[in-house]
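For reference, my_file.pdb is printed below; it contains PDB, C-alpha atoms.
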ATOM      1  CA  MET A   1       9.423 -87.717  92.295  1.00  0.00           C
ATOM      2  CA  SER A   2       7.439 -84.608  91.379  1.00  0.00           C
ATOM      3  CA  LYS A   3       7.640 -82.896  88.026  1.00  0.00           C
ATOM      4  CA  ALA A   4       9.196 -79.782  89.603  1.00  0.00           C
ATOM      5  CA  THR A   5      11.942 -81.892  91.219  1.00  0.00           C
ATOM      6  CA  GLU A   6      12.692 -83.685  87.962  1.00  0.00           C
ATOM      7  CA  LEU A   7      12.856 -80.349  86.150  1.00  0.00           C
ATOM      8  CA  HIS A   8      15.183 -78.901  88.765  1.00  0.00           C
ATOM      9  CA  GLU A   9      17.505 -81.918  88.541  1.00  0.00           C
ATOM     10  CA  ALA A  10      17.490 -81.795  84.729  1.00  0.00           C
ATOM     11  CA  LEU A  11      18.391 -78.106  84.710  1.00  0.00           C
ATOM     12  CA  GLY A  12      21.080 -78.755  87.313  1.00  0.00           C
ATOM     13  CA  ALA A  13      22.601 -81.428  85.085  1.00  0.00           C
ATOM     14  CA  PHE A  14      22.354 -79.035  82.133  1.00  0.00           C
ATOM     15  CA  ASP A  15      24.203 -76.318  84.059  1.00  0.00           C
ATOM     16  CA  LYS A  16      26.957 -78.690  85.176  1.00  0.00           C
ATOM     17  CA  THR A  17      27.423 -80.055  81.676  1.00  0.00           C
ATOM     18  CA  THR A  18      27.546 -76.682  79.967  1.00  0.00           C
ATOM     19  CA  SER A  19      29.867 -75.309  82.637  1.00  0.00           C
ATOM     20  CA  ARG A  20      32.285 -78.220  82.326  1.00  0.00           C
ATOM     21  CA  TRP A  21      32.352 -78.466  78.547  1.00  0.00           C
ATOM     22  CA  GLY A  22      32.162 -74.715  78.127  1.00  0.00           C
ATOM     23  CA  ARG A  23      35.418 -74.301  80.035  1.00  0.00           C
ATOM     24  CA  ILE A  24      37.048 -77.143  78.116  1.00  0.00           C
ATOM     25  CA  THR A  25      36.090 -75.800  74.695  1.00  0.00           C
ATOM     26  CA  MET A  26      37.117 -72.239  75.603  1.00  0.00           C
ATOM     27  CA  ILE A  27      40.539 -73.452  76.759  1.00  0.00           C
ATOM     28  CA  MET A  28      40.903 -75.497  73.564  1.00  0.00           C
ATOM     29  CA  GLY A  29      39.941 -72.479  71.487  1.00  0.00           C
ATOM     30  CA  LEU A  30      42.498 -70.344  73.298  1.00  0.00           C
ATOM     31  CA  PHE A  31      45.185 -72.991  72.764  1.00  0.00           C
ATOM     32  CA  PHE A  32      44.585 -73.311  69.020  1.00  0.00           C
ATOM     33  CA  SER A  33      44.321 -69.521  68.635  1.00  0.00           C
ATOM     34  CA  LEU A  34      47.746 -69.043  70.210  1.00  0.00           C
ATOM     35  CA  ALA A  35      49.406 -72.139  68.754  1.00  0.00           C
ATOM     36  CA  ALA A  36      50.307 -70.670  65.352  1.00  0.00           C
ATOM     37  CA  PRO A  37      51.661 -67.318  66.666  1.00  0.00           C
ATOM     38  CA  ALA A  38      53.594 -69.142  69.398  1.00  0.00           C
ATOM     39  CA  TYR A  39      55.145 -71.451  66.818  1.00  0.00           C
ATOM     40  CA  LEU A  40      56.189 -68.512  64.643  1.00  0.00           C
ATOM     41  CA  VAL A  41      57.712 -66.668  67.590  1.00  0.00           C
ATOM     42  CA  PHE A  42      59.538 -69.511  69.327  1.00  0.00           C
ATOM     43  CA  PHE A  43      60.251 -72.114  66.634  1.00  0.00           C
ATOM     44  CA  ALA A  44      60.192 -70.450  63.191  1.00  0.00           C
ATOM     45  CA  GLY A  45      63.285 -68.336  63.675  1.00  0.00           C
ATOM     46  CA  LEU A  46      61.533 -64.988  63.517  1.00  0.00           C
ATOM     47  CA  ASP A  47      63.549 -62.235  65.140  1.00  0.00           C
ATOM     48  CA  ILE A  48      60.824 -61.045  67.522  1.00  0.00           C
ATOM     49  CA  GLU A  49      61.691 -60.062  71.064  1.00  0.00           C
ATOM     50  CA  VAL A  50      59.422 -60.673  74.012  1.00  0.00           C
ATOM     51  CA  ALA A  51      59.577 -56.967  74.842  1.00  0.00           C
ATOM     52  CA  GLY A  52      58.094 -56.171  71.440  1.00  0.00           C
ATOM     53  CA  ILE A  53      55.261 -58.630  71.978  1.00  0.00           C
ATOM     54  CA  LEU A  54      54.488 -57.134  75.384  1.00  0.00           C
ATOM     55  CA  THR A  55      54.570 -53.640  73.917  1.00  0.00           C
ATOM     56  CA  ALA A  56      52.116 -54.610  71.191  1.00  0.00           C
ATOM     57  CA  PHE A  57      49.888 -56.321  73.749  1.00  0.00           C
ATOM     58  CA  GLY A  58      49.928 -53.190  75.925  1.00  0.00           C
ATOM     59  CA  ALA A  59      48.931 -51.020  72.954  1.00  0.00           C
ATOM     60  CA  LEU A  60      46.000 -53.306  72.147  1.00  0.00           C
ATOM     61  CA  ALA A  61      44.974 -53.517  75.802  1.00  0.00           C
ATOM     62  CA  ALA A  62      44.901 -49.732  76.028  1.00  0.00           C
ATOM     63  CA  VAL A  63      42.396 -49.621  73.162  1.00  0.00           C
ATOM     64  CA  PHE A  64      40.317 -52.758  73.701  1.00  0.00           C
ATOM     65  CA  GLY A  65      40.869 -53.509  77.388  1.00  0.00           C
ATOM     66  CA  VAL A  66      37.649 -51.808  78.386  1.00  0.00           C
ATOM     67  CA  ILE A  67      35.699 -54.015  75.985  1.00  0.00           C
ATOM     68  CA  TRP A  68      37.087 -57.135  77.684  1.00  0.00           C
ATOM     69  CA  ILE A  69      35.183 -56.069  80.798  1.00  0.00           C
ATOM     70  CA  VAL A  70      32.174 -54.279  79.335  1.00  0.00           C
ATOM     71  CA  GLU A  71      31.106 -56.977  76.859  1.00  0.00           C
ATOM     72  CA  PRO A  72      30.748 -59.875  79.340  1.00  0.00           C
ATOM     73  CA  LEU A  73      28.914 -57.654  81.818  1.00  0.00           C
ATOM     74  CA  THR A  74      26.630 -56.362  79.067  1.00  0.00           C
ATOM     75  CA  TYR A  75      25.834 -59.678  77.393  1.00  0.00           C
ATOM     76  CA  PHE A  76      25.440 -61.920  80.452  1.00  0.00           C
ATOM     77  CA  PRO A  77      22.057 -60.559  81.671  1.00  0.00           C
ATOM     78  CA  ILE A  78      20.546 -61.286  78.249  1.00  0.00           C
ATOM     79  CA  LEU A  79      22.313 -64.483  77.193  1.00  0.00           C
ATOM     80  CA  GLY A  80      22.797 -66.312  80.475  1.00  0.00           C
ATOM     81  CA  ALA A  81      25.688 -68.512  81.573  1.00  0.00           C
ATOM     82  CA  SER A  82      25.432 -71.328  79.040  1.00  0.00           C
ATOM     83  CA  SER A  83      25.001 -69.029  76.036  1.00  0.00           C
ATOM     84  CA  MET A  84      28.037 -66.974  77.038  1.00  0.00           C
ATOM     85  CA  TYR A  85      30.297 -69.936  76.236  1.00  0.00           C
ATOM     86  CA  GLN A  86      28.670 -70.275  72.831  1.00  0.00           C
ATOM     87  CA  ALA A  87      28.758 -66.572  72.064  1.00  0.00           C
ATOM     88  CA  PHE A  88      32.407 -65.943  72.853  1.00  0.00           C
ATOM     89  CA  MET A  89      33.477 -69.071  71.010  1.00  0.00           C
ATOM     90  CA  ILE A  90      31.502 -68.207  67.861  1.00  0.00           C
ATOM     91  CA  GLY A  91      31.960 -64.417  67.788  1.00  0.00           C
ATOM     92  CA  ASN A  92      29.906 -61.713  66.053  1.00  0.00           C
ATOM     93  CA  ILE A  93      27.935 -61.364  69.256  1.00  0.00           C
ATOM     94  CA  SER A  94      26.513 -57.867  68.972  1.00  0.00           C
ATOM     95  CA  ASN A  95      25.515 -58.044  65.306  1.00  0.00           C
ATOM     96  CA  LYS A  96      24.363 -61.675  65.077  1.00  0.00           C
ATOM     97  CA  LEU A  97      24.057 -63.772  68.233  1.00  0.00           C
ATOM     98  CA  LEU A  98      22.628 -61.159  70.597  1.00  0.00           C
ATOM     99  CA  PRO A  99      19.858 -60.072  68.183  1.00  0.00           C
ATOM    100  CA  ALA A 100      19.007 -63.732  67.535  1.00  0.00           C
ATOM    101  CA  ALA A 101      18.700 -64.403  71.268  1.00  0.00           C
ATOM    102  CA  MET A 102      16.607 -61.288  71.883  1.00  0.00           C
ATOM    103  CA  ILE A 103      14.215 -62.039  69.033  1.00  0.00           C
ATOM    104  CA  ALA A 104      13.819 -65.644  70.211  1.00  0.00           C
ATOM    105  CA  GLN A 105      13.032 -64.495  73.746  1.00  0.00           C
ATOM    106  CA  ALA A 106      10.522 -61.940  72.483  1.00  0.00           C
ATOM    107  CA  THR A 107       8.889 -64.462  70.138  1.00  0.00           C
ATOM    108  CA  ILE A 108       8.117 -67.000  72.871  1.00  0.00           C
ATOM    109  CA  GLY A 109       7.350 -64.290  75.446  1.00  0.00           C
ATOM    110  CA  VAL A 110      10.119 -64.793  78.015  1.00  0.00           C
ATOM    111  CA  LYS A 111      12.326 -62.240  79.715  1.00  0.00           C
ATOM    112  CA  PRO A 112      16.131 -62.003  79.625  1.00  0.00           C
ATOM    113  CA  GLY A 113      17.805 -63.165  82.807  1.00  0.00           C
ATOM    114  CA  THR A 114      15.332 -66.014  83.398  1.00  0.00           C
ATOM    115  CA  ARG A 115      15.844 -69.734  82.911  1.00  0.00           C
ATOM    116  CA  LYS A 116      13.468 -69.797  79.952  1.00  0.00           C
ATOM    117  CA  GLY A 117      15.268 -66.814  78.502  1.00  0.00           C
ATOM    118  CA  GLU A 118      18.614 -68.596  78.845  1.00  0.00           C
ATOM    119  CA  LEU A 119      17.325 -71.750  77.141  1.00  0.00           C
ATOM    120  CA  ALA A 120      15.844 -69.641  74.355  1.00  0.00           C
ATOM    121  CA  SER A 121      19.247 -67.995  73.880  1.00  0.00           C
ATOM    122  CA  VAL A 122      20.957 -71.374  73.606  1.00  0.00           C
ATOM    123  CA  ALA A 123      18.557 -72.540  70.905  1.00  0.00           C
ATOM    124  CA  ALA A 124      18.696 -69.206  69.046  1.00  0.00           C
ATOM    125  CA  ILE A 125      22.499 -69.149  68.976  1.00  0.00           C
ATOM    126  CA  CYS A 126      22.596 -72.720  67.682  1.00  0.00           C
ATOM    127  CA  GLY A 127      20.228 -71.692  64.897  1.00  0.00           C
ATOM    128  CA  ALA A 128      22.135 -68.506  64.090  1.00  0.00           C
ATOM    129  CA  ALA A 129      25.453 -70.361  63.931  1.00  0.00           C
ATOM    130  CA  THR A 130      23.971 -73.061  61.686  1.00  0.00           C
ATOM    131  CA  VAL A 131      22.543 -70.493  59.260  1.00  0.00           C
ATOM    132  CA  HIS A 132      25.818 -68.564  59.280  1.00  0.00           C
ATOM    133  CA  LEU A 133      27.981 -71.603  58.542  1.00  0.00           C
ATOM    134  CA  THR A 134      25.591 -72.845  55.861  1.00  0.00           C
ATOM    135  CA  SER A 135      25.500 -69.460  54.120  1.00  0.00           C
ATOM    136  CA  LEU A 136      29.290 -69.156  54.307  1.00  0.00           C
ATOM    137  CA  PHE A 137      29.697 -72.605  52.780  1.00  0.00           C
ATOM    138  CA  ILE A 138      27.324 -71.823  49.917  1.00  0.00           C
ATOM    139  CA  PHE A 139      27.894 -68.131  49.171  1.00  0.00           C
ATOM    140  CA  VAL A 140      31.594 -67.957  50.026  1.00  0.00           C
ATOM    141  CA  GLY A 141      33.001 -71.463  49.771  1.00  0.00           C
ATOM    142  CA  LEU A 142      31.114 -72.576  46.658  1.00  0.00           C
ATOM    143  CA  LEU A 143      29.935 -69.408  44.914  1.00  0.00           C
ATOM    144  CA  GLY A 144      32.243 -66.733  46.335  1.00  0.00           C
ATOM    145  CA  THR A 145      34.629 -66.333  43.401  1.00  0.00           C
ATOM    146  CA  TRP A 146      31.817 -66.475  40.836  1.00  0.00           C
ATOM    147  CA  LEU A 147      29.684 -63.914  42.692  1.00  0.00           C
ATOM    148  CA  VAL A 148      32.576 -61.465  42.962  1.00  0.00           C
ATOM    149  CA  SER A 149      33.260 -61.814  39.242  1.00  0.00           C
ATOM    150  CA  VAL A 150      29.672 -61.059  38.151  1.00  0.00           C
ATOM    151  CA  ILE A 151      28.820 -58.260  40.623  1.00  0.00           C
ATOM    152  CA  PRO A 152      29.821 -54.785  39.328  1.00  0.00           C
ATOM    153  CA  GLY A 153      32.669 -53.118  41.209  1.00  0.00           C
ATOM    154  CA  ASP A 154      30.602 -50.013  42.003  1.00  0.00           C
ATOM    155  CA  MET A 155      27.949 -52.150  43.647  1.00  0.00           C
ATOM    156  CA  ILE A 156      30.543 -53.936  45.786  1.00  0.00           C
ATOM    157  CA  GLN A 157      31.953 -50.590  46.970  1.00  0.00           C
ATOM    158  CA  THR A 158      28.460 -49.354  47.814  1.00  0.00           C
ATOM    159  CA  VAL A 159      27.680 -52.500  49.793  1.00  0.00           C
ATOM    160  CA  GLN A 160      30.982 -52.248  51.677  1.00  0.00           C
ATOM    161  CA  PHE A 161      30.263 -48.619  52.543  1.00  0.00           C
ATOM    162  CA  TYR A 162      26.721 -49.156  53.825  1.00  0.00           C
ATOM    163  CA  ILE A 163      26.938 -52.658  55.299  1.00  0.00           C
ATOM    164  CA  LEU A 164      27.973 -51.583  58.815  1.00  0.00           C
ATOM    165  CA  PRO A 165      25.234 -48.956  59.365  1.00  0.00           C
ATOM    166  CA  THR A 166      22.724 -51.361  57.807  1.00  0.00           C
ATOM    167  CA  VAL A 167      23.584 -54.195  60.188  1.00  0.00           C
ATOM    168  CA  MET A 168      23.855 -51.991  63.270  1.00  0.00           C
ATOM    169  CA  GLY A 169      20.627 -50.182  62.413  1.00  0.00           C
ATOM    170  CA  ALA A 170      18.774 -53.477  62.150  1.00  0.00           C
ATOM    171  CA  VAL A 171      20.245 -54.624  65.462  1.00  0.00           C
ATOM    172  CA  VAL A 172      19.150 -51.428  67.211  1.00  0.00           C
ATOM    173  CA  VAL A 173      15.615 -51.676  65.843  1.00  0.00           C
ATOM    174  CA  GLN A 174      15.381 -55.350  66.844  1.00  0.00           C
ATOM    175  CA  ALA A 175      16.570 -54.525  70.344  1.00  0.00           C
ATOM    176  CA  ILE A 176      14.049 -51.705  70.786  1.00  0.00           C
ATOM    177  CA  VAL A 177      11.115 -53.710  69.427  1.00  0.00           C
ATOM    178  CA  SER A 178      11.869 -56.939  71.286  1.00  0.00           C
ATOM    179  CA  GLN A 179      12.614 -55.352  74.664  1.00  0.00           C
ATOM    180  CA  LYS A 180       9.518 -53.129  74.621  1.00  0.00           C
ATOM    181  CA  ALA A 181      11.156 -50.656  76.983  1.00  0.00           C
ATOM    182  CA  PRO A 182      10.773 -47.235  75.318  1.00  0.00           C
ATOM    183  CA  ARG A 183      12.013 -45.366  78.390  1.00  0.00           C
ATOM    184  CA  SER A 184      15.298 -47.286  78.436  1.00  0.00           C
ATOM    185  CA  ALA A 185      15.621 -46.908  74.655  1.00  0.00           C
ATOM    186  CA  VAL A 186      15.296 -43.127  74.904  1.00  0.00           C
ATOM    187  CA  ILE A 187      17.830 -43.020  77.745  1.00  0.00           C
ATOM    188  CA  ALA A 188      20.280 -45.122  75.714  1.00  0.00           C
ATOM    189  CA  LEU A 189      19.835 -42.863  72.679  1.00  0.00           C
ATOM    190  CA  VAL A 190      20.394 -39.664  74.678  1.00  0.00           C
ATOM    191  CA  VAL A 191      23.445 -41.089  76.462  1.00  0.00           C
ATOM    192  CA  SER A 192      24.926 -42.290  73.172  1.00  0.00           C
ATOM    193  CA  VAL A 193      24.479 -38.880  71.576  1.00  0.00           C
ATOM    194  CA  VAL A 194      26.114 -37.183  74.558  1.00  0.00           C
ATOM    195  CA  VAL A 195      29.035 -39.632  74.536  1.00  0.00           C
ATOM    196  CA  VAL A 196      29.627 -39.395  70.781  1.00  0.00           C
ATOM    197  CA  PHE A 197      29.356 -35.630  70.428  1.00  0.00           C
ATOM    198  CA  ILE A 198      30.551 -34.381  73.820  1.00  0.00           C
ATOM    199  CA  VAL A 199      32.465 -36.930  75.890  1.00  0.00           C
ATOM    200  CA  GLN A 200      34.679 -38.092  73.021  1.00  0.00           C
ATOM    201  CA  LEU A 201      35.814 -34.522  72.436  1.00  0.00           C
ATOM    202  CA  TYR A 202      37.817 -34.861  75.638  1.00  0.00           C
ATOM    203  CA  LYS A 203      40.573 -37.188  74.402  1.00  0.00           C
ATOM    204  CA  PRO A 204      41.377 -38.971  77.698  1.00  0.00           C
ATOM    205  CA  PHE A 205      37.826 -40.350  77.655  1.00  0.00           C
ATOM    206  CA  GLY A 206      37.992 -41.450  74.030  1.00  0.00           C
ATOM    207  CA  LEU A 207      39.159 -44.994  74.810  1.00  0.00           C
ATOM    208  CA  PHE A 208      36.542 -45.407  77.541  1.00  0.00           C
ATOM    209  CA  SER A 209      33.549 -44.056  75.613  1.00  0.00           C
ATOM    210  CA  THR A 210      31.936 -47.500  75.287  1.00  0.00           C
ATOM    211  CA  ALA A 211      32.243 -48.160  79.005  1.00  0.00           C
ATOM    212  CA  VAL A 212      30.923 -44.692  79.815  1.00  0.00           C
ATOM    213  CA  ALA A 213      27.900 -45.186  77.539  1.00  0.00           C
ATOM    214  CA  VAL A 214      27.024 -48.659  78.866  1.00  0.00           C
ATOM    215  CA  ILE A 215      27.463 -47.854  82.555  1.00  0.00           C
ATOM    216  CA  SER A 216      25.676 -44.504  82.292  1.00  0.00           C
ATOM    217  CA  THR A 217      22.740 -46.018  80.412  1.00  0.00           C
ATOM    218  CA  ALA A 218      22.367 -48.859  82.928  1.00  0.00           C
ATOM    219  CA  ALA A 219      22.543 -46.492  85.909  1.00  0.00           C
ATOM    220  CA  LEU A 220      20.097 -43.956  84.477  1.00  0.00           C
ATOM    221  CA  ALA A 221      17.678 -46.659  83.319  1.00  0.00           C
ATOM    222  CA  TRP A 222      17.609 -48.075  86.839  1.00  0.00           C
ATOM    223  CA  VAL A 223      17.196 -44.684  88.541  1.00  0.00           C
ATOM    224  CA  LEU A 224      14.504 -43.502  86.111  1.00  0.00           C
ATOM    225  CA  ARG A 225      12.643 -46.835  85.867  1.00  0.00           C
ATOM    226  CA  ASP A 226       8.873 -47.026  86.183  1.00  0.00           C
ATOM    227  CA  ARG A 227       8.401 -48.214  89.766  1.00  0.00           C
ATOM    228  CA  ARG A 228       4.663 -48.788  89.274  1.00  0.00           C
ATOM    229  CA  THR A 229       5.284 -51.993  87.305  1.00  0.00           C
ATOM    230  CA  LEU A 230       7.708 -53.572  89.785  1.00  0.00           C
ATOM    231  CA  GLY A 231       6.505 -56.743  91.427  1.00  0.00           C
ATOM    232  CA  SER A 232       3.397 -57.099  89.279  1.00  0.00           C
ATOM    233  CA  PRO A 233       2.032 -60.671  89.017  1.00  0.00           C
ATOM    234  CA  GLU A 234       2.516 -60.881  85.273  1.00  0.00           C
ATOM    235  CA  ASP A 235       6.260 -60.408  85.686  1.00  0.00           C
ATOM    236  CA  THR A 236       6.709 -63.697  87.511  1.00  0.00           C
ATOM    237  CA  THR A 237       3.981 -66.135  86.509  1.00  0.00           C
ATOM    238  CA  ALA A 238       5.614 -67.117  83.237  1.00  0.00           C
ATOM    239  CA  GLU A 239       8.725 -68.289  85.056  1.00  0.00           C
ATOM    240  CA  SER A 240       7.162 -69.875  88.124  1.00  0.00           C
ATOM    241  CA  GLU A 241       7.663 -73.409  86.933  1.00  0.00           C
ATOM    242  CA  LEU A 242      11.442 -73.046  86.429  1.00  0.00           C
ATOM    243  CA  PRO A 243      14.196 -72.643  89.033  1.00  0.00           C
ATOM    244  CA  GLU A 244      15.529 -69.109  89.150  1.00  0.00           C
ATOM    245  CA  GLY A 245      19.273 -69.609  88.990  1.00  0.00           C
ATOM    246  CA  PRO A 246      21.858 -72.022  87.637  1.00  0.00           C
ATOM    247  CA  VAL A 247      22.931 -74.987  89.724  1.00  0.00           C
ATOM    248  CA  TYR A 248      26.657 -75.823  89.566  1.00  0.00           C
TER
END

Please re-express this file's structure in structure tokens.
Amino acid sequence: MSKATELHEALGAFDKTTSRWGRITMIMGLFFSLAAPAYLVFFAGLDIEVAGILTAFGALAAVFGVIWIVEPLTYFPILGASSMYQAFMIGNISNKLLPAAMIAQATIGVKPGTRKGELASVAAICGAATVHLTSLFIFVGLLGTWLVSVIPGDMIQTVQFYILPTVMGAVVVQAIVSQKAPRSAVIALVVSVVVVFIVQLYKPFGLFSTAVAVISTAALAWVLRDRRTLGSPEDTTAESELPEGPVY
């Protein structure tokens, strides 16, 4: 048996395993997430009508429903199939797992959407989750109360105020540097500015601004891409030894 055949069979087994256990763990996560609310509604004697639950669900769907579609479509080309199970189980995708995957891919010189890129994402997410859990255990579980007591209140308020732009700014810079696609970065910046300062002024589009920004950026980046670099040998040699797609 040749090395290429062995590699193909190993990756096929990897895909089947991650697909099977990914579905199982996602279903288990959904069950445990809904178990406590279901118990409170149906067995704890709370006076909550089903109509009220459906109304609340409809209100949330109106606000976040677009994200349910946009996020998987946005993350999949970068993370790959196996990492998607990890990412949506762990959470904090855009500000932790996605940057970790992108930096890992850039560090070892592989492209998103390839088999090497997918395996790099798996390893990066495992590392990011391990660091996150370890830091939570130490700085929140063990030292959390003590740290809050010794840090001045003004400093805590300042950190809370600036933490979101700090994290998102770092994520944006990491994405631009690792992807090395200045044309797409400029397109994304222009589209975002237009959406934030113009499209959102028209209220019916307010809830769909994220979808508008993502779809518009993807479409314009494809239309305005540099066609001179398409099909160049260096784009494919790094991945020649791996099968192109998952085997289920």

Within 10 Å of A:Lys96 using only C-alpha atoms, minus same-chain residues under 6 positions, as a list of chain:residue names: A:Ala87, A:Ile125, A:Ala128, A:Ala129, A:His132, A:Val167, A:Met168, A:Val171

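Nearest residue to A:Gly117 among A:Met84, A:Val140, A:Ile24, A:Ile78 is A:Ile78, counting all atoms listed in the file.
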
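When atom CA of A:Ile93 is paired with atom CA of A:Glu71, their separation reads 9.3 Å.
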
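Non-sequential neighbours of A:Arg225 (distance at most 10 Å, separation of 5 or more positions within a chain, all atoms listed in the file) are Ala181, Arg183, Ser184, Ala219, Leu220 and Leu230 of chain A.
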
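Closest approach to A:Thr18 among A:Ala124, A:Leu119, A:Val212, A:Val150 is made by A:Leu119 (distances from all atoms listed in the file).
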
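Across A:Pro37, A:Pro99, A:Pro152, A:Pro165, the tightest approach to A:Val177 is made by A:Pro99 when counting all atoms listed in the file.
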